[in-house]
Amino acid sequence: MNFKKQFKDGLLTQNPVLVQLLGMCSTMAITTTLFNGIGMGVAVTFILICSNVVISLLRKVIPSKIRIAAYIVVIAGFVTMVDLLMQAFLPALSESLGIFIPLIVVNCIILGRAEAFASKNSVAASAVDGICQGIGYTVVLIVMCVVREFLGSGTFGGGLLGPEGAGIRILPEQFPAMMMILPVGGFLTLGVLIAVVQYFLAKDKKGADET
Amino acid sequence: MKLLSIAIGAILVNNFILSQFLGICPFMGVSKKMDTAVGMGVAVTFVMGVASAVTYAVNLLLIRLGLDYMQTVAYILVIAALVQFIEMFLQKVVPALYSALGIYLPLITTNCAVLGVALQNTQNGYTFIQSVVYGVTGGLGFTLAIILFASVRERLAANSDCPKCFEGFPLALISAGLIALAFMGFQGLRIG
């Protein structure tokens, strides 16, 4: 088990959002304030770890023909748990994430990791994979949130810091471009972010080839 | 009148892809060519319509049994079974359509637009007719967006002159962003 490599894969070289291009919908939809991003990231990481462990445990029992349906049931179970817990203990977060909590069921990251990793590897390795991929996803969410919140509403840490959770104001009120926290901003920010990562990965590879 | 406003809302104002971010994966994945984009759009519209009708009935059943917290699990199972069933039905009855849609059908199970429409119908408390209308028009909105996007991408592929790191996916995302910007113009549209 190579923890360091798995961690690097999850965070950068095999990042679920930026490189594998999975789970786009939630990434773009909810990254409007920092609180949303962290909440969603933690929820997905938790579900990813749990479902990876359970699927890895069951990998010899599930017949391969109905495996996708079986995975979905396992994932949907955990998603329901998280949804209900969040409604009970974090109603504000649950309200602002709305429909995207139940939609974690069809988030391709979780099903993708179940199919590509947990169904072939040991329980411990799958748990680590869940943690690493989850962290990779969360980091992307946080970066997107910070960029979009800064450009779109001129604040930092919305929903979490500052007076009444409105965030700490960095730009004066008249400067921010509303557009960035609307859907358009999601597409643009993610596009630029992926381009940046591709640029550095390509440079990295070139450097490795030359030496 | 209510139905008309639901329809306009689902196609233009709250377009599933461009303003609600539901169903981005197929939107990005199968929009490289026009004909596959049309195929996907038709398949999604069909499944969304049928899924809206079926999940409406399932929701009534769940409420009667007092199991409404099982909504997400029940819906996704119903949708998965439905997609499988439609696949088998088309294979038997309309083989031409089946071979045209072929690979896209199984993909629809994990399309968040389908589960999304089911959940939204329940949340908004739509009646049966309203649910079906919302499902079908939502699908039409999806088709409209994916067709527009596919034609943009076909042209981009033909003559793109952009920085290397933007090639492929980032460029697609940014063009989708511009389409979304154009669709924001419908934001002020109100009917009824």
# chains A, B, ... in the order shown; residues from 1 in each chain; ligands from 1
>>> interface_residues(of="chain A", to="chain B", cutoff="6 Å", atoms="only C-alpha atoms", output="list in words")
Cys25, Ala29, Ala76, Val106, Pro183, Val184, Phe187, Leu188, Gly191, Ile194, Ala195, Gln198 and Tyr199 of chain A
>>> write_last_selection(atoms="N, CA, C and O atoms", output="PDB file, in the first residue's frame")
ATOM      1  N   CYS A  25     -21.188  18.482 -11.800  1.00  0.00           N
ATOM      2  CA  CYS A  25     -22.426  19.205 -11.509  1.00  0.00           C
ATOM      3  C   CYS A  25     -22.333  19.906 -10.170  1.00  0.00           C
ATOM      4  O   CYS A  25     -22.494  21.117 -10.079  1.00  0.00           O
ATOM      5  N   ALA A  29     -22.144  23.885  -9.131  1.00  0.00           N
ATOM      6  CA  ALA A  29     -23.397  24.439  -8.637  1.00  0.00           C
ATOM      7  C   ALA A  29     -23.279  25.058  -7.254  1.00  0.00           C
ATOM      8  O   ALA A  29     -23.876  26.095  -6.990  1.00  0.00           O
ATOM      9  N   ALA A  76     -26.676   5.157  -1.949  1.00  0.00           N
ATOM     10  CA  ALA A  76     -27.910   5.877  -1.623  1.00  0.00           C
ATOM     11  C   ALA A  76     -28.210   5.774  -0.135  1.00  0.00           C
ATOM     12  O   ALA A  76     -28.694   6.734   0.479  1.00  0.00           O
ATOM     13  N   VAL A 106     -25.844  10.262  -7.402  1.00  0.00           N
ATOM     14  CA  VAL A 106     -25.440  10.100  -8.790  1.00  0.00           C
ATOM     15  C   VAL A 106     -24.158  10.875  -9.099  1.00  0.00           C
ATOM     16  O   VAL A 106     -23.818  11.063 -10.255  1.00  0.00           O
ATOM     17  N   PRO A 183     -24.426  30.929 -12.473  1.00  0.00           N
ATOM     18  CA  PRO A 183     -23.929  29.757 -13.184  1.00  0.00           C
ATOM     19  C   PRO A 183     -22.738  30.040 -14.107  1.00  0.00           C
ATOM     20  O   PRO A 183     -21.794  29.256 -14.154  1.00  0.00           O
ATOM     21  N   VAL A 184     -22.767  31.165 -14.807  1.00  0.00           N
ATOM     22  CA  VAL A 184     -21.691  31.493 -15.734  1.00  0.00           C
ATOM     23  C   VAL A 184     -20.327  31.398 -15.057  1.00  0.00           C
ATOM     24  O   VAL A 184     -19.374  30.823 -15.589  1.00  0.00           O
ATOM     25  N   PHE A 187     -18.872  27.861 -14.698  1.00  0.00           N
ATOM     26  CA  PHE A 187     -18.246  27.317 -15.908  1.00  0.00           C
ATOM     27  C   PHE A 187     -16.872  27.955 -16.125  1.00  0.00           C
ATOM     28  O   PHE A 187     -15.886  27.269 -16.376  1.00  0.00           O
ATOM     29  N   LEU A 188     -16.832  29.278 -16.035  1.00  0.00           N
ATOM     30  CA  LEU A 188     -15.580  29.978 -16.330  1.00  0.00           C
ATOM     31  C   LEU A 188     -14.480  29.602 -15.339  1.00  0.00           C
ATOM     32  O   LEU A 188     -13.363  29.271 -15.734  1.00  0.00           O
ATOM     33  N   GLY A 191     -13.270  26.045 -15.861  1.00  0.00           N
ATOM     34  CA  GLY A 191     -12.508  25.953 -17.104  1.00  0.00           C
ATOM     35  C   GLY A 191     -11.098  26.474 -16.927  1.00  0.00           C
ATOM     36  O   GLY A 191     -10.121  25.816 -17.288  1.00  0.00           O
ATOM     37  N   ILE A 194      -8.988  24.137 -14.633  1.00  0.00           N
ATOM     38  CA  ILE A 194      -8.508  22.924 -15.303  1.00  0.00           C
ATOM     39  C   ILE A 194      -7.368  23.265 -16.246  1.00  0.00           C
ATOM     40  O   ILE A 194      -6.373  22.542 -16.332  1.00  0.00           O
ATOM     41  N   ALA A 195      -7.500  24.406 -16.936  1.00  0.00           N
ATOM     42  CA  ALA A 195      -6.445  24.813 -17.854  1.00  0.00           C
ATOM     43  C   ALA A 195      -5.138  25.033 -17.097  1.00  0.00           C
ATOM     44  O   ALA A 195      -4.077  24.592 -17.530  1.00  0.00           O
ATOM     45  N   GLN A 198      -3.698  21.675 -16.171  1.00  0.00           N
ATOM     46  CA  GLN A 198      -3.141  21.021 -17.357  1.00  0.00           C
ATOM     47  C   GLN A 198      -1.802  21.636 -17.738  1.00  0.00           C
ATOM     48  O   GLN A 198      -0.861  20.939 -18.095  1.00  0.00           O
ATOM     49  N   TYR A 199      -1.730  22.954 -17.611  1.00  0.00           N
ATOM     50  CA  TYR A 199      -0.483  23.657 -17.941  1.00  0.00           C
ATOM     51  C   TYR A 199       0.650  23.147 -17.072  1.00  0.00           C
ATOM     52  O   TYR A 199       1.712  22.771 -17.571  1.00  0.00           O
TER      53      TYR A 199
END
>>> select_by_dssp(residues="chain A", states="strand (DSSP E or B)", output="PyMOL selection string")
chain A and resi 155-156+168-169
>>> closest_residue(among="B:Ala100, B:Cys162, B:Thr45, B:Pro106", to="B:Ile11", atoms="only C-alpha atoms")
B:Thr45
>>> select_by_dssp(residues="stretch 3-153 of chain B", states="helix (DSSP H, G or I)", output="PyMOL selection string")
chain B and resi 3-13+24-29+34-65+68-93+95-101+104-110+112-124+128-153
>>> residues_around(residues="A:Ala118", least_positions_apart="2", cutoff="6 Å", atoms="only C-alpha atoms", output="ChimeraX atom specification")
/A:52,56,114,120-121,126
>>> residues_around(residues="A:Val53", least_positions_apart="4", cutoff="8 Å", atoms="only C-alpha atoms", output="number ranges by chain")
A: 49, 57, 118, 123-124, 126-127
>>> closest_residue(among="A:Gln174, A:Ser96, A:Thr13, A:Thr45", to="A:Val197", atoms="only C-alpha atoms")
A:Thr13
>>> residues_around(residues="B:Thr36", least_positions_apart="5", cutoff="9 Å", atoms="only C-alpha atoms", output="list in words")
Val30, Ser31, Gly41, Ala100, Leu101 and Tyr104 of chain B
>>> write_last_selection(atoms="all heavy atoms", output="short mmCIF file (atom, residue, chain, number, x, y, z; two decimals), in the first residue's frame")
data_model
loop_
_atom_site.label_atom_id
_atom_site.label_comp_id
_atom_site.auth_asym_id
_atom_site.auth_seq_id
_atom_site.Cartn_x
_atom_site.Cartn_y
_atom_site.Cartn_z
N VAL B 30 -20.99 13.82 -24.35
CA VAL B 30 -21.46 13.40 -25.67
C VAL B 30 -21.85 14.57 -26.55
O VAL B 30 -22.72 14.45 -27.40
CB VAL B 30 -22.66 12.43 -25.58
CG1 VAL B 30 -22.26 11.14 -24.95
CG2 VAL B 30 -23.80 13.05 -24.82
N SER B 31 -21.18 15.71 -26.37
CA SER B 31 -21.56 16.84 -27.22
C SER B 31 -20.52 17.13 -28.30
O SER B 31 -20.49 18.21 -28.84
CB SER B 31 -21.81 18.07 -26.35
OG SER B 31 -20.66 18.34 -25.61
N GLY B 41 -30.14 13.78 -26.29
CA GLY B 41 -31.23 14.66 -25.89
C GLY B 41 -32.57 13.96 -25.93
O GLY B 41 -33.35 14.05 -24.98
N ALA B 100 -29.96 3.37 -32.35
CA ALA B 100 -29.54 4.76 -32.43
C ALA B 100 -29.14 5.29 -31.05
O ALA B 100 -28.16 6.02 -30.90
CB ALA B 100 -30.65 5.62 -33.02
N LEU B 101 -29.94 4.92 -30.02
CA LEU B 101 -29.65 5.43 -28.68
C LEU B 101 -28.60 4.59 -27.97
O LEU B 101 -27.88 5.09 -27.11
CB LEU B 101 -30.93 5.47 -27.84
CG LEU B 101 -32.02 6.39 -28.35
CD1 LEU B 101 -33.22 6.31 -27.43
CD2 LEU B 101 -31.52 7.81 -28.42
N TYR B 104 -26.19 5.34 -25.07
CA TYR B 104 -26.55 6.44 -24.18
C TYR B 104 -27.54 6.02 -23.13
O TYR B 104 -27.62 6.63 -22.07
CB TYR B 104 -27.12 7.62 -24.98
CG TYR B 104 -26.18 8.02 -26.04
CD1 TYR B 104 -26.48 7.88 -27.37
CD2 TYR B 104 -24.92 8.48 -25.67
CE1 TYR B 104 -25.56 8.21 -28.33
CE2 TYR B 104 -24.00 8.80 -26.62
CZ TYR B 104 -24.33 8.67 -27.96
OH TYR B 104 -23.40 8.98 -28.89
#
>>> residues_around(residues="A:Ala177", least_positions_apart="4", cutoff="10 Å", atoms="only C-alpha atoms", output="compact mmCIF listing (two decimals) with C-alpha atoms, in the first residue's frame")
# COMPACT_ATOMS: atom_id res chain seq x y z
CA ARG A 148 -15.85 32.82 -6.99
CA GLU A 149 -16.76 34.39 -3.69
CA PHE A 150 -13.93 36.89 -3.95
CA LEU A 151 -14.77 37.93 -7.50
CA GLY A 152 -18.53 37.58 -7.20
CA SER A 153 -19.37 39.11 -3.83
CA GLY A 154 -16.02 40.51 -2.73
CA GLU A 173 -19.39 46.62 -2.39
CA ILE A 181 -21.55 33.63 -8.37
CA LEU A 182 -24.15 32.92 -11.04
CA GLY A 185 -19.01 31.99 -13.14
>>> residues_around(residues="A:Leu201", least_positions_apart="5", cutoff="9 Å", atoms="only C-alpha atoms", output="PyMOL selection string")
chain A and resi 12-13+196+206
>>> write_last_selection(atoms="N, CA, C and O atoms", output="compact mmCIF listing (two decimals), in the first residue's frame")
# COMPACT_ATOMS: atom_id res chain seq x y z
N LEU A 12 -3.63 15.64 -6.90
CA LEU A 12 -3.23 16.32 -8.12
C LEU A 12 -3.28 15.44 -9.37
O LEU A 12 -4.14 15.64 -10.22
N THR A 13 -2.39 14.47 -9.46
CA THR A 13 -2.24 13.80 -10.75
C THR A 13 -3.48 13.02 -11.17
O THR A 13 -3.73 12.83 -12.35
N VAL A 196 -5.22 25.68 -15.93
CA VAL A 196 -4.01 25.92 -15.13
C VAL A 196 -3.36 24.59 -14.73
O VAL A 196 -2.15 24.40 -14.87
N LYS A 206 7.13 17.44 -19.11
CA LYS A 206 8.21 17.85 -20.00
C LYS A 206 9.53 17.86 -19.24
O LYS A 206 10.54 17.33 -19.70
>>> atom_distance(atom1="atom CA of A:Ile104", atom2="atom CA of A:Ile72")
10.6 Å
